[in-house]
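Trainee: Next up is a structure, given as C-alpha cells.
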Amino acid sequence: MTAPEPPAQIPLTVIGGYLGAGKTTLVNRLLRRADGLRLAVLVNEFGDLPIDGDLIESRDGNVINIAGGCVCCSYGSDLMAALMDLDKRDPRPDHLLVEASGVALPAAIAQSASLIAGYALDAIVVLADAETVRAKGADPYLADTIAGQLASADIVVLNKVDLVPDSGRAAARDWLSARAPHARVLETVEAELPLAAVLGSGAERLATPESHHDHAHDHHPDHHLDHQAAVFTVDAPVDAEALAAALAGAELDLVRAKGFVPGRDGRLRALHVVGRRWRVADPPPGTRGPGRLVCIRFAAAVDTAAIERLIAAGG
Amino acid sequence: MTTVFRAKRILTMNPSNPEATHVAVRDGRILGAGSLDDLAVWGPHTLDERFADKVLMPGLVEGHSHTMEGTFWRYVYCGYFDRMAPDGRIWPGCAAIADVIARLSERDGALEDPAAPIAGWAVDPLYYGDRRLVRADFDQVSTTRPIGVLHASGHIMNVNSKALEMAGLLRPGIDHPGVPLGEDGLPTGELQGPDPMMMVNTLVGFDRDMLAGDETGLRQFARLCVRTGVTTAADLASLLPDEAVAMMARVTGEDDFPTRIVSLRRFHGLTPAQLIERAVELKGQSTDRLRLGKVKIVSDGSVQGFTSRIRWPHYVNGKNGLWYITPDELREIYTLALAQDVHIHTHTNGDEATALVLDTMEQALRASPAFDHRFTIQHCQLADAAQFRRMKALGMCANLFANHHYFYGEQHLTKTVGPERARRMNACATALREGVPMAIHSDAPVTPLGPLFTAWCAVNRLTAKGKVLGAHERISVDEALRAITIGAAYTLKLDGEVGSIEAGKRADFAVLDDDPREVGRENLKDVGVWGVVQGGRVFAAADI
C-alpha cells in the first residue's frame, strides 16, 4: 500500500495596508466575483465588514458561508487556529485570502502561514490610499510600520486615485517607487481590480485554451477592467525556473503569469509569477498538455514579442 | 445586626482617621472605625475578637490581573520560583532543568493514557544559564504523548518531539523567525511568539480559548485572592460574551464567593462604536461582586519579548516593536468613550506607545471634553518624567508593573533597553512626585498574585539576583501600601466604595499577622495573610 498523496497546497494571498486603504472593499469585490472559485477569506474581525445580505448563506460564530461555496472567517488573535481549521475543511478552498489588520506586517503573516504545510504563499498585496498614504507614511508613529508593509509587497494597489489630481497621483507613485521598488503598482478606483490580478486563480482558467474564448465579454466579470491578458502556447521544453524568473523581471511589468510549461525533461511544470515573486511546482494530478501560459499586465499591453522570444529561447 | 471586630491595630488608609482598634460592620458595610467607645453610638453589637492579635488593612486591590491565573493551576507548575497554588500548597521552584523534567515525569507517571497530553507553565530557562531547552529534554519524559511547557513570560513554549510531529512541524525546510532549527535542520522544540505556539496549544492540552469563561479557574483565582489579602481584583481583558457574563454573575453571586471581580472588555472583534455600545450594555449588568462596563485596549507588545514600541534609541539592538492597534481606532474609541462615560484602560509597555496614548488622549479630550475620566495607562513601564507630567495634565492614571524588575530586571539591563532606561522602568517615585494617581500590579499569571509582594517590589526594586535596579525610583512603605489599596481603587473608580476603612464603605479587610509598616521594608513580602473579610463575610485562608 502506498501512502496517500498529500493534498495540493492551497495558494494563499495576504492583503495588507493601513486602515481605510480599501482592503475590505477589495475583499467584498472578490467574494462577489469568485465566479465558481471556492474562496476562503480570513479577516481580522467582522467588525463592520459589509458583506451584502444576499451573499450570506449561513452564519455560525466566526464563520460566514457565502453563496457559491466561499467562506469568510474572522480570526481575531488566533490566525493559526483559523488557518488550521480551514485546511481541514471539506471541500478545501481553492484559494485563501488573509486580510491583515491595519498595523500588521503581511510578511510576518505569510511566514506564519508557511508553518502549515497545506498552504503555499501566492502573493502579498498591499493597498495604499492615494490620498493619505504619504501622510500616514510620514506619521512618526506609523512610518516604519507602513514602510515595512510596502517593502514586502509583490503588488501595491494604489487605490482611490480618482480622489487626487494627476500631480498627486504621480507624487504618490514616486513615493511608492522608493518604498516598494520591486512591486507592481496598480492604480484603482474603489479597489476595482480583476480577480486574476489579485488571485492569479482566474488566470489559470484563462490559460486553459478552450475556456478562454468561452468567457464572452458579457459573461466575464472582469471584462471592463483595465488589464491586458495574453495567452501563449509553449510546445517545446523550457527551463521552467529560468522562464519564471525572466517573467518576474521588472521590464515586462507583469502582474501575473501563470500556466503549465513542459520542463527540460518534458514533464509539465506549474509556473506562478506574481510581480517579482515566482515559484515552480508540480502541476495538479491529471494536468495534461499542451503547455500554455497566460500573462497579465495592468493598464498597458503585454509585450508579447518579448515573451515569445523568452519562450523560444527555452527560458 | 452589628458586628464590631477588634484588632491589634487597624490601618485605615483614611488620612483623617489613620489608625483604629475596632471597626463596626452592618449589612456588609462599615459603620465606623475607632475605639470601642467611639463605636458605642451604633448601639448593641456582637464583639468579634478573633482578630485581636491581627492587623487589619483595607482589603487589598489588585488593579491588573487575569482570572486565568486560576486556570493555569490545572497545568504543571514548572517555574524557577516557589509559588503558592490556590489550595495553599507552595510549589517549590525548579532549580535546574532536571527538576523541570522530574516534575513533568511525575505527571507522566500519574496518567494512564500514553497519548494524553501534558501542559506545563512558568518555566524560565533564563535561570538555567546559556543552555536552551530542547525537545530532547522533554522526550526524556515521554515520546508517546505531546508535552508543551509555556515560559513564564508567556511568549515562548518548549515542546517535545511528539508535539512537533503532531503539529506537522517535525520536518525540514521550516523558515520562521520564531522556530529555531537545530543542526539536523529540524525545529529544536522552542516555539517563540503567538503563531508558532498556536500550532501546538490545544495539542499539548492548553484550552484554545476561554471564550465561554472558565468557572473552575474563576473559583481558583478567588481562593488565591483570599490567600493574598485581595478583596477586589481587576480581570483585565476578557471577551465577555453573554454566556461568560452569566457564568461570572452566577459564581460571584454565590454567598461564599469571596472576591469582587472587575472584568474589562477587551477591544477585539468589534468596531469602536460597537465596543462602546457593548461596554454601556455591560455596565448595566454590574452587580456588587461583578463590575462590568470598562474597556481594555492593547496598544503594543512586551518589553522582554522585543515587541513593545520604544522611542528612539529603541531597543539596544536598534530595533522597535509592533503596534497592536491603529492610532485612528484608538482616537475613535477614546472620543466615543469620553462622550459616553466609558472607562478605558490602555496597555502600553514602550514609551512610544505611551506617547501615542497621550497624543491621542489630548485630541480626544478636545473633541469630547470630559472631567474625571480616569483613563488609565496599564504597565506604562518605560514612561519618563515628561510623560508622567502629561498624564497628570490630561487627568490620566498610571498602573505600573512593579513586579517586573524582580523577574526581568537583569534582562532589561543588558539585553532590552540598557541600564538607564531599565532603572527608570515603572518609575513609581516619579509618578507620585509628578502627581499622577498611581497603582502597582502583578499582571498575574505573568507574575504571581500578591499585592504585598508587589509593594515589596516597588519599595526595594530588587532583581531576582538581589541587585537594586533604580534606587531613585523606590517608594516608601506607606506610599506602596496606599498604591495597593486606595491607589488601585482610584484607577477603577471604586475609591468611594473600597480601598480604605471608613464609614459607609464596603467592609472589606485584609487580615494580616503583622503591621507591614513595622516589619522592615525588606520583609514586606513576608507579612503573613490570615485571610480576608469581604462585604462583612469572614474568609480564612486556612479554610478556603
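For the C-alpha cells, the naming scheme is as follows: chains receive sequential letters (A, B, ...) according to their order of presentation, residues are indexed from 1 within each chain, and ligands are indexed from 1 in presentation order.
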Within 7 Å of chain B, which residues of chain A are there when counting only C-alpha atoms? Please give them as a PyMOL selection string.
Mentor: chain A and resi 45-48+76+80-81+102-103+111-112+115
Trainee: Need the shell around range 110-123 of chain B: protein/DNA/RNA residues with any atom at most 9 Å away, counting only C-alpha atoms. Skip same-chain ones fewer than 5 positions apart. Format as a PDB file with N, CA, C and O atoms, in the first residue's frame?
Mentor:
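Output contents, as saved in selection_38.pdb:
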```pdb
ATOM      1  N   PHE B  72      -4.524  28.377  35.197  1.00  0.00           N
ATOM      2  CA  PHE B  72      -3.210  27.776  34.965  1.00  0.00           C
ATOM      3  C   PHE B  72      -2.868  26.678  35.953  1.00  0.00           C
ATOM      4  O   PHE B  72      -2.090  25.779  35.645  1.00  0.00           O
ATOM      5  N   TRP B  73      -3.434  26.750  37.147  1.00  0.00           N
ATOM      6  CA  TRP B  73      -3.052  25.759  38.162  1.00  0.00           C
ATOM      7  C   TRP B  73      -3.508  24.352  37.835  1.00  0.00           C
ATOM      8  O   TRP B  73      -3.166  23.408  38.533  1.00  0.00           O
ATOM      9  N   ARG B  74      -4.290  24.170  36.768  1.00  0.00           N
ATOM     10  CA  ARG B  74      -4.606  22.779  36.394  1.00  0.00           C
ATOM     11  C   ARG B  74      -3.465  22.174  35.564  1.00  0.00           C
ATOM     12  O   ARG B  74      -3.440  20.993  35.298  1.00  0.00           O
ATOM     13  N   TYR B  75      -2.514  23.029  35.136  1.00  0.00           N
ATOM     14  CA  TYR B  75      -1.353  22.541  34.399  1.00  0.00           C
ATOM     15  C   TYR B  75      -0.174  22.379  35.379  1.00  0.00           C
ATOM     16  O   TYR B  75      -0.249  22.785  36.533  1.00  0.00           O
ATOM     17  N   VAL B  76       0.917  21.809  34.890  1.00  0.00           N
ATOM     18  CA  VAL B  76       2.044  21.505  35.779  1.00  0.00           C
ATOM     19  C   VAL B  76       2.900  22.751  35.985  1.00  0.00           C
ATOM     20  O   VAL B  76       3.400  23.341  35.028  1.00  0.00           O
ATOM     21  N   TYR B  77       3.080  23.153  37.234  1.00  0.00           N
ATOM     22  CA  TYR B  77       3.887  24.337  37.525  1.00  0.00           C
ATOM     23  C   TYR B  77       5.375  23.998  37.401  1.00  0.00           C
ATOM     24  O   TYR B  77       5.883  23.105  38.078  1.00  0.00           O
ATOM     25  N   CYS B  78       6.071  24.703  36.518  1.00  0.00           N
ATOM     26  CA  CYS B  78       7.477  24.406  36.235  1.00  0.00           C
ATOM     27  C   CYS B  78       8.361  25.633  36.485  1.00  0.00           C
ATOM     28  O   CYS B  78       9.450  25.740  35.916  1.00  0.00           O
ATOM     29  N   GLY B  79       7.908  26.567  37.293  1.00  0.00           N
ATOM     30  CA  GLY B  79       8.639  27.819  37.478  1.00  0.00           C
ATOM     31  C   GLY B  79       9.907  27.672  38.302  1.00  0.00           C
ATOM     32  O   GLY B  79      10.108  26.667  38.993  1.00  0.00           O
ATOM     33  N   TYR B  80      10.739  28.702  38.213  1.00  0.00           N
ATOM     34  CA  TYR B  80      12.003  28.726  38.937  1.00  0.00           C
ATOM     35  C   TYR B  80      11.784  29.129  40.387  1.00  0.00           C
ATOM     36  O   TYR B  80      12.547  28.772  41.270  1.00  0.00           O
ATOM     37  N   CYS B  94      11.773  25.085  40.414  1.00  0.00           N
ATOM     38  CA  CYS B  94      12.656  24.108  39.780  1.00  0.00           C
ATOM     39  C   CYS B  94      14.034  24.757  39.626  1.00  0.00           C
ATOM     40  O   CYS B  94      14.190  25.679  38.831  1.00  0.00           O
ATOM     41  N   VAL B 100      12.687  20.343  36.264  1.00  0.00           N
ATOM     42  CA  VAL B 100      11.521  20.525  35.383  1.00  0.00           C
ATOM     43  C   VAL B 100      11.136  19.169  34.797  1.00  0.00           C
ATOM     44  O   VAL B 100       9.959  18.778  34.793  1.00  0.00           O
ATOM     45  N   LEU B 104       7.619  17.013  35.351  1.00  0.00           N
ATOM     46  CA  LEU B 104       6.765  16.563  34.241  1.00  0.00           C
ATOM     47  C   LEU B 104       6.639  15.034  34.262  1.00  0.00           C
ATOM     48  O   LEU B 104       5.575  14.480  33.976  1.00  0.00           O
ATOM     49  N   SER B 105       7.732  14.360  34.633  1.00  0.00           N
ATOM     50  CA  SER B 105       7.708  12.891  34.686  1.00  0.00           C
ATOM     51  C   SER B 105       6.742  12.401  35.754  1.00  0.00           C
ATOM     52  O   SER B 105       6.095  11.361  35.600  1.00  0.00           O
ATOM     53  N   SER B 142       8.504  11.767  27.834  1.00  0.00           N
ATOM     54  CA  SER B 142       7.677  10.866  27.035  1.00  0.00           C
ATOM     55  C   SER B 142       7.888  11.111  25.551  1.00  0.00           C
ATOM     56  O   SER B 142       8.069  12.241  25.119  1.00  0.00           O
ATOM     57  N   THR B 144       5.565   9.378  23.650  1.00  0.00           N
ATOM     58  CA  THR B 144       4.269   8.920  23.144  1.00  0.00           C
ATOM     59  C   THR B 144       3.190   9.984  23.301  1.00  0.00           C
ATOM     60  O   THR B 144       2.164   9.927  22.645  1.00  0.00           O
ATOM     61  N   ARG B 145       3.411  10.919  24.173  1.00  0.00           N
ATOM     62  CA  ARG B 145       2.385  11.946  24.402  1.00  0.00           C
ATOM     63  C   ARG B 145       2.973  13.319  24.074  1.00  0.00           C
ATOM     64  O   ARG B 145       4.175  13.537  24.277  1.00  0.00           O
ATOM     65  N   PRO B 146       2.143  14.258  23.583  1.00  0.00           N
ATOM     66  CA  PRO B 146       2.644  15.613  23.347  1.00  0.00           C
ATOM     67  C   PRO B 146       2.817  16.361  24.671  1.00  0.00           C
ATOM     68  O   PRO B 146       1.966  16.264  25.551  1.00  0.00           O
ATOM     69  N   ILE B 147       3.929  17.067  24.782  1.00  0.00           N
ATOM     70  CA  ILE B 147       4.208  17.837  26.001  1.00  0.00           C
ATOM     71  C   ILE B 147       4.571  19.255  25.587  1.00  0.00           C
ATOM     72  O   ILE B 147       5.364  19.464  24.663  1.00  0.00           O
ATOM     73  N   GLY B 148       3.992  20.221  26.260  1.00  0.00           N
ATOM     74  CA  GLY B 148       4.333  21.616  25.988  1.00  0.00           C
ATOM     75  C   GLY B 148       4.395  22.391  27.293  1.00  0.00           C
ATOM     76  O   GLY B 148       3.524  22.245  28.148  1.00  0.00           O
ATOM     77  N   VAL B 149       5.441  23.192  27.454  1.00  0.00           N
ATOM     78  CA  VAL B 149       5.569  23.994  28.671  1.00  0.00           C
ATOM     79  C   VAL B 149       5.731  25.460  28.280  1.00  0.00           C
ATOM     80  O   VAL B 149       6.661  25.829  27.560  1.00  0.00           O
ATOM     81  N   LEU B 150       4.808  26.261  28.758  1.00  0.00           N
ATOM     82  CA  LEU B 150       4.813  27.693  28.482  1.00  0.00           C
ATOM     83  C   LEU B 150       5.858  28.380  29.363  1.00  0.00           C
ATOM     84  O   LEU B 150       5.973  28.062  30.550  1.00  0.00           O
ATOM     85  N   HIS B 151       6.605  29.313  28.775  1.00  0.00           N
ATOM     86  CA  HIS B 151       7.571  30.058  29.575  1.00  0.00           C
ATOM     87  C   HIS B 151       6.856  31.061  30.485  1.00  0.00           C
ATOM     88  O   HIS B 151       5.724  31.452  30.222  1.00  0.00           O
ATOM     89  N   ALA B 152       7.556  31.490  31.535  1.00  0.00           N
ATOM     90  CA  ALA B 152       6.971  32.436  32.485  1.00  0.00           C
ATOM     91  C   ALA B 152       6.494  33.699  31.780  1.00  0.00           C
ATOM     92  O   ALA B 152       5.471  34.278  32.133  1.00  0.00           O
ATOM     93  N   SER B 153       7.235  34.133  30.770  1.00  0.00           N
ATOM     94  CA  SER B 153       6.865  35.362  30.066  1.00  0.00           C
ATOM     95  C   SER B 153       5.571  35.194  29.277  1.00  0.00           C
ATOM     96  O   SER B 153       4.940  36.180  28.898  1.00  0.00           O
ATOM     97  N   GLY B 154       5.203  33.948  28.988  1.00  0.00           N
ATOM     98  CA  GLY B 154       4.011  33.704  28.188  1.00  0.00           C
ATOM     99  C   GLY B 154       4.245  33.834  26.693  1.00  0.00           C
ATOM    100  O   GLY B 154       3.334  33.637  25.907  1.00  0.00           O
ATOM    101  N   MET B 157       7.090  28.774  24.075  1.00  0.00           N
ATOM    102  CA  MET B 157       6.744  27.464  24.603  1.00  0.00           C
ATOM    103  C   MET B 157       7.789  26.454  24.147  1.00  0.00           C
ATOM    104  O   MET B 157       8.278  26.540  23.020  1.00  0.00           O
ATOM    105  N   ASN B 158       8.143  25.545  25.023  1.00  0.00           N
ATOM    106  CA  ASN B 158       9.010  24.437  24.639  1.00  0.00           C
ATOM    107  C   ASN B 158       8.189  23.161  24.575  1.00  0.00           C
ATOM    108  O   ASN B 158       7.361  22.912  25.458  1.00  0.00           O
ATOM    109  N   ALA B 163       4.932  16.429  20.131  1.00  0.00           N
ATOM    110  CA  ALA B 163       4.083  17.597  19.880  1.00  0.00           C
ATOM    111  C   ALA B 163       4.423  18.224  18.535  1.00  0.00           C
ATOM    112  O   ALA B 163       3.532  18.601  17.762  1.00  0.00           O
ATOM    113  N   ASN B 201      -0.779  24.602  20.938  1.00  0.00           N
ATOM    114  CA  ASN B 201      -1.544  24.887  22.161  1.00  0.00           C
ATOM    115  C   ASN B 201      -2.547  23.813  22.542  1.00  0.00           C
ATOM    116  O   ASN B 201      -2.489  23.251  23.640  1.00  0.00           O
ATOM    117  N   LEU B 203      -2.977  20.861  21.187  1.00  0.00           N
ATOM    118  CA  LEU B 203      -2.398  19.512  21.164  1.00  0.00           C
ATOM    119  C   LEU B 203      -1.797  19.142  22.507  1.00  0.00           C
ATOM    120  O   LEU B 203      -1.895  18.005  22.950  1.00  0.00           O
ATOM    121  N   VAL B 204      -1.142  20.120  23.163  1.00  0.00           N
ATOM    122  CA  VAL B 204      -0.486  19.799  24.425  1.00  0.00           C
ATOM    123  C   VAL B 204      -1.420  19.995  25.620  1.00  0.00           C
ATOM    124  O   VAL B 204      -1.027  19.789  26.762  1.00  0.00           O
ATOM    125  N   GLY B 205      -2.658  20.417  25.341  1.00  0.00           N
ATOM    126  CA  GLY B 205      -3.640  20.424  26.423  1.00  0.00           C
ATOM    127  C   GLY B 205      -4.042  21.791  26.940  1.00  0.00           C
ATOM    128  O   GLY B 205      -4.837  21.892  27.870  1.00  0.00           O
ATOM    129  N   PHE B 206      -3.486  22.876  26.344  1.00  0.00           N
ATOM    130  CA  PHE B 206      -3.980  24.202  26.742  1.00  0.00           C
ATOM    131  C   PHE B 206      -5.296  24.437  26.006  1.00  0.00           C
ATOM    132  O   PHE B 206      -5.407  24.157  24.820  1.00  0.00           O
ATOM    133  N   PRO B 445      -1.436  35.939  35.536  1.00  0.00           N
ATOM    134  CA  PRO B 445      -0.402  34.973  35.933  1.00  0.00           C
ATOM    135  C   PRO B 445       1.006  35.269  35.409  1.00  0.00           C
ATOM    136  O   PRO B 445       1.893  34.433  35.590  1.00  0.00           O
ATOM    137  N   VAL B 446       1.236  36.415  34.776  1.00  0.00           N
ATOM    138  CA  VAL B 446       2.589  36.700  34.279  1.00  0.00           C
ATOM    139  C   VAL B 446       3.587  36.709  35.445  1.00  0.00           C
ATOM    140  O   VAL B 446       4.682  36.171  35.343  1.00  0.00           O
TER     141      VAL B 446
END
```
Trainee: Find the spatial neighbours of range 424-434 of chain B, counting only C-alpha atoms, within a cut-off of 6 Å - ignore same-chain residues fewer than 2 positions away - and output them as a compact mmCIF listing (two decimals) with all heavy atoms, in the first residue's frame.
Mentor:
```txt
# COMPACT_ATOMS: atom_id res chain seq x y z
N GLN B 381 5.42 50.98 31.33
CA GLN B 381 6.69 50.69 32.01
C GLN B 381 7.81 51.67 31.74
O GLN B 381 8.62 51.93 32.60
CB GLN B 381 7.15 49.28 31.61
CG GLN B 381 6.23 48.20 32.10
CD GLN B 381 6.97 46.89 32.31
OE1 GLN B 381 7.76 46.78 33.23
NE2 GLN B 381 6.72 45.93 31.47
N LEU B 382 7.88 52.19 30.52
CA LEU B 382 9.07 52.99 30.19
C LEU B 382 8.82 54.49 30.19
O LEU B 382 9.67 55.26 29.73
CB LEU B 382 9.62 52.53 28.83
CG LEU B 382 10.48 51.28 28.96
CD1 LEU B 382 10.59 50.52 27.65
CD2 LEU B 382 11.87 51.64 29.48
N PHE B 388 4.89 61.47 32.46
CA PHE B 388 4.06 61.48 33.68
C PHE B 388 3.43 62.86 33.87
O PHE B 388 2.27 62.98 34.28
CB PHE B 388 4.87 61.07 34.90
CG PHE B 388 5.07 59.58 35.00
CD1 PHE B 388 6.33 59.01 34.81
CD2 PHE B 388 4.01 58.73 35.27
CE1 PHE B 388 6.51 57.63 34.89
CE2 PHE B 388 4.18 57.35 35.36
CZ PHE B 388 5.44 56.81 35.17
N ARG B 389 4.18 63.93 33.54
CA ARG B 389 3.59 65.27 33.67
C ARG B 389 2.40 65.43 32.73
O ARG B 389 1.39 66.03 33.08
CB ARG B 389 4.65 66.35 33.40
CG ARG B 389 5.64 66.52 34.56
CD ARG B 389 6.54 67.73 34.39
NE ARG B 389 7.59 67.54 33.41
CZ ARG B 389 8.80 67.01 33.67
NH1 ARG B 389 9.10 66.61 34.90
NH2 ARG B 389 9.69 66.89 32.72
N LEU B 400 1.47 50.85 37.35
CA LEU B 400 2.82 50.43 36.96
C LEU B 400 3.08 48.98 37.36
O LEU B 400 2.57 48.48 38.36
CB LEU B 400 3.86 51.36 37.59
CG LEU B 400 3.70 52.84 37.22
CD1 LEU B 400 4.70 53.70 37.98
CD2 LEU B 400 3.83 53.05 35.73
N ARG B 421 17.48 53.26 31.07
CA ARG B 421 16.02 53.09 30.95
C ARG B 421 15.51 51.93 31.81
O ARG B 421 14.38 51.97 32.29
CB ARG B 421 15.64 52.94 29.48
CG ARG B 421 15.79 54.26 28.71
CD ARG B 421 15.45 54.11 27.24
NE ARG B 421 16.38 53.20 26.57
CZ ARG B 421 16.24 52.79 25.31
NH1 ARG B 421 15.20 53.19 24.61
NH2 ARG B 421 17.13 51.98 24.78
N ALA B 422 16.37 50.93 32.05
CA ALA B 422 15.96 49.85 32.96
C ALA B 422 15.73 50.41 34.36
O ALA B 422 14.83 49.98 35.08
CB ALA B 422 17.00 48.74 32.98
N VAL B 436 0.71 61.98 39.59
CA VAL B 436 -0.14 61.07 38.83
C VAL B 436 -0.76 60.04 39.78
O VAL B 436 -0.03 59.38 40.52
CB VAL B 436 0.68 60.33 37.75
CG1 VAL B 436 -0.20 59.35 36.98
CG2 VAL B 436 1.32 61.33 36.80
N GLU B 473 13.94 55.40 42.16
CA GLU B 473 12.51 55.21 41.91
C GLU B 473 11.85 54.36 42.99
O GLU B 473 10.69 53.98 42.86
CB GLU B 473 12.27 54.59 40.52
CG GLU B 473 12.63 55.52 39.37
CD GLU B 473 11.75 56.78 39.30
OE1 GLU B 473 10.71 56.82 39.99
OE2 GLU B 473 12.12 57.72 38.56
N ILE B 475 9.93 53.66 46.37
CA ILE B 475 8.97 54.46 47.13
C ILE B 475 8.92 53.95 48.57
O ILE B 475 9.45 52.88 48.88
CB ILE B 475 7.56 54.43 46.49
CG1 ILE B 475 7.02 53.01 46.36
CG2 ILE B 475 7.60 55.11 45.12
CD1 ILE B 475 5.58 52.94 45.84
```
Trainee: Could you list, as number ranges by chain, every residue within 6 Å of Arg135 in chain B, counting only C-alpha atoms and ignoring same-chain residues fewer than 2 positions away?
Mentor: B: 137-138, 159-161, 188-189
Trainee: So which residues of range 200-341 of chain B fall under strand (DSSP E or B) by DSSP, listed as an NGL selection string?
Mentor: :B and (230-238 or 260-266 or 290-291 or 295-298 or 300 or 323)
Trainee: What's around Ser74 in chain A at 12 Å? Count only C-alpha atoms, leave out sequence neighbours fewer than 5 positions away in its own chain, and write the answer as a ChimeraX atom specification.
Mentor: /A:40-49,59-65,79-83,85-86,97-101 /B:268-270
Trainee: May I have the residues from that selection written out with N, CA, C and O atoms, as a tab-separated table (two decimals), in the first residue's frame?
Mentor:
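And here is the file that came out, selection_7.tsv:
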```
chain	number	residue	atom	x	y	z
A	40	ALA	N	-11.71	31.28	0.27
A	40	ALA	CA	-11.83	31.43	1.72
A	40	ALA	C	-11.16	32.75	2.08
A	40	ALA	O	-10.05	33.03	1.64
A	41	VAL	N	-11.86	33.55	2.86
A	41	VAL	CA	-11.31	34.84	3.26
A	41	VAL	C	-11.23	34.89	4.77
A	41	VAL	O	-12.21	34.65	5.47
A	42	LEU	N	-10.04	35.16	5.27
A	42	LEU	CA	-9.87	35.34	6.71
A	42	LEU	C	-9.73	36.82	7.00
A	42	LEU	O	-8.86	37.48	6.43
A	43	VAL	N	-10.60	37.34	7.82
A	43	VAL	CA	-10.49	38.75	8.21
A	43	VAL	C	-10.16	38.81	9.69
A	43	VAL	O	-10.50	37.91	10.45
A	44	ASN	N	-9.49	39.86	10.08
A	44	ASN	CA	-9.11	40.01	11.48
A	44	ASN	C	-10.36	39.98	12.37
A	44	ASN	O	-10.40	39.33	13.38
A	45	GLU	N	-11.35	40.73	11.95
A	45	GLU	CA	-12.60	40.73	12.70
A	45	GLU	C	-13.71	41.14	11.75
A	45	GLU	O	-13.47	41.86	10.78
A	46	PHE	N	-14.92	40.66	12.03
A	46	PHE	CA	-16.01	41.04	11.15
A	46	PHE	C	-16.29	42.53	11.29
A	46	PHE	O	-16.52	43.22	10.31
A	47	GLY	N	-16.22	43.03	12.53
A	47	GLY	CA	-16.42	44.46	12.74
A	47	GLY	C	-17.58	44.96	11.92
A	47	GLY	O	-18.71	44.50	12.07
A	48	ASP	N	-17.30	45.86	11.00
A	48	ASP	CA	-18.38	46.36	10.15
A	48	ASP	C	-18.20	45.87	8.71
A	48	ASP	O	-18.55	46.54	7.77
A	49	LEU	N	-17.61	44.69	8.56
A	49	LEU	CA	-17.44	44.12	7.23
A	49	LEU	C	-18.82	44.05	6.56
A	49	LEU	O	-19.69	43.31	6.99
A	59	ARG	N	-24.55	31.64	8.91
A	59	ARG	CA	-23.52	32.20	9.75
A	59	ARG	C	-23.44	31.37	11.02
A	59	ARG	O	-24.45	31.03	11.63
A	60	ASP	N	-22.21	31.03	11.40
A	60	ASP	CA	-22.03	30.22	12.59
A	60	ASP	C	-20.82	30.77	13.34
A	60	ASP	O	-19.69	30.42	13.05
A	61	GLY	N	-21.08	31.64	14.30
A	61	GLY	CA	-19.99	32.22	15.08
A	61	GLY	C	-19.01	32.96	14.22
A	61	GLY	O	-19.34	33.98	13.62
A	62	ASN	N	-17.80	32.41	14.11
A	62	ASN	CA	-16.73	33.08	13.39
A	62	ASN	C	-16.73	32.78	11.90
A	62	ASN	O	-15.81	33.20	11.21
A	63	VAL	N	-17.71	32.02	11.44
A	63	VAL	CA	-17.69	31.60	10.04
A	63	VAL	C	-18.96	32.05	9.33
A	63	VAL	O	-20.06	31.83	9.82
A	64	ILE	N	-18.77	32.72	8.20
A	64	ILE	CA	-19.92	33.09	7.36
A	64	ILE	C	-19.80	32.31	6.06
A	64	ILE	O	-18.78	32.40	5.37
A	65	ASN	N	-20.83	31.51	5.74
A	65	ASN	CA	-20.84	30.79	4.47
A	65	ASN	C	-21.52	31.65	3.42
A	65	ASN	O	-22.58	32.22	3.66
A	79	LEU	N	-4.88	33.60	14.37
A	79	LEU	CA	-4.79	33.35	12.93
A	79	LEU	C	-4.45	31.89	12.66
A	79	LEU	O	-5.01	31.26	11.76
A	80	MET	N	-3.52	31.34	13.44
A	80	MET	CA	-3.06	29.99	13.16
A	80	MET	C	-4.19	28.97	13.30
A	80	MET	O	-4.32	28.06	12.50
A	81	ALA	N	-5.00	29.15	14.35
A	81	ALA	CA	-6.11	28.22	14.54
A	81	ALA	C	-7.06	28.30	13.36
A	81	ALA	O	-7.53	27.27	12.86
A	82	ALA	N	-7.32	29.51	12.89
A	82	ALA	CA	-8.24	29.68	11.76
A	82	ALA	C	-7.65	29.02	10.52
A	82	ALA	O	-8.36	28.36	9.75
A	83	LEU	N	-6.34	29.19	10.32
A	83	LEU	CA	-5.70	28.58	9.16
A	83	LEU	C	-5.75	27.06	9.24
A	83	LEU	O	-5.99	26.37	8.25
A	85	ASP	N	-7.95	25.27	10.87
A	85	ASP	CA	-9.33	24.83	10.68
A	85	ASP	C	-9.69	24.80	9.19
A	85	ASP	O	-10.30	23.85	8.71
A	86	LEU	N	-9.30	25.85	8.49
A	86	LEU	CA	-9.64	25.94	7.07
A	86	LEU	C	-9.01	24.82	6.26
A	86	LEU	O	-9.59	24.29	5.33
A	97	LEU	N	-7.49	33.94	1.08
A	97	LEU	CA	-7.08	35.33	1.23
A	97	LEU	C	-7.03	35.64	2.72
A	97	LEU	O	-7.96	35.33	3.45
A	98	VAL	N	-5.95	36.26	3.17
A	98	VAL	CA	-5.90	36.69	4.57
A	98	VAL	C	-5.84	38.21	4.57
A	98	VAL	O	-4.92	38.80	4.01
A	99	GLU	N	-6.84	38.81	5.18
A	99	GLU	CA	-6.82	40.27	5.31
A	99	GLU	C	-6.10	40.62	6.61
A	99	GLU	O	-6.53	40.24	7.70
A	100	ALA	N	-4.97	41.32	6.48
A	100	ALA	CA	-4.20	41.69	7.66
A	100	ALA	C	-4.82	42.92	8.29
A	100	ALA	O	-5.43	43.74	7.61
A	101	SER	N	-4.63	43.06	9.62
A	101	SER	CA	-5.14	44.27	10.27
A	101	SER	C	-4.28	45.46	9.83
A	101	SER	O	-3.20	45.29	9.26
B	268	HIS	N	-11.73	43.88	20.68
B	268	HIS	CA	-11.43	42.75	19.82
B	268	HIS	C	-12.70	42.34	19.11
B	268	HIS	O	-13.73	42.14	19.75
B	269	GLY	N	-12.64	42.26	17.81
B	269	GLY	CA	-13.77	41.72	17.06
B	269	GLY	C	-14.94	42.68	16.89
B	269	GLY	O	-15.97	42.29	16.35
B	270	LEU	N	-14.80	43.90	17.35
B	270	LEU	CA	-15.88	44.86	17.23
B	270	LEU	C	-15.32	46.15	16.64
B	270	LEU	O	-14.12	46.41	16.74
```
Trainee: Would you list the contacts of Gly68 in chain A as a list of chain:residue names, taking every protein, DNA or RNA residue within 8 Å and counting only C-alpha atoms, but skipping same-chain residues closer than 2 positions in sequence?
Mentor: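 Those residues are A:Ala34, A:Asp35, A:Gly36, A:Leu37, A:Arg38, A:Ile66, A:Cys70.
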Trainee: Within 9 Å of range 359-375 of chain B, counting only C-alpha atoms, which residues qualify if same-chain residues fewer than 6 places away don't, as a ChimeraX atom specification?
Mentor: /B:327-328,330-339,341-346,394-398,437,490-493
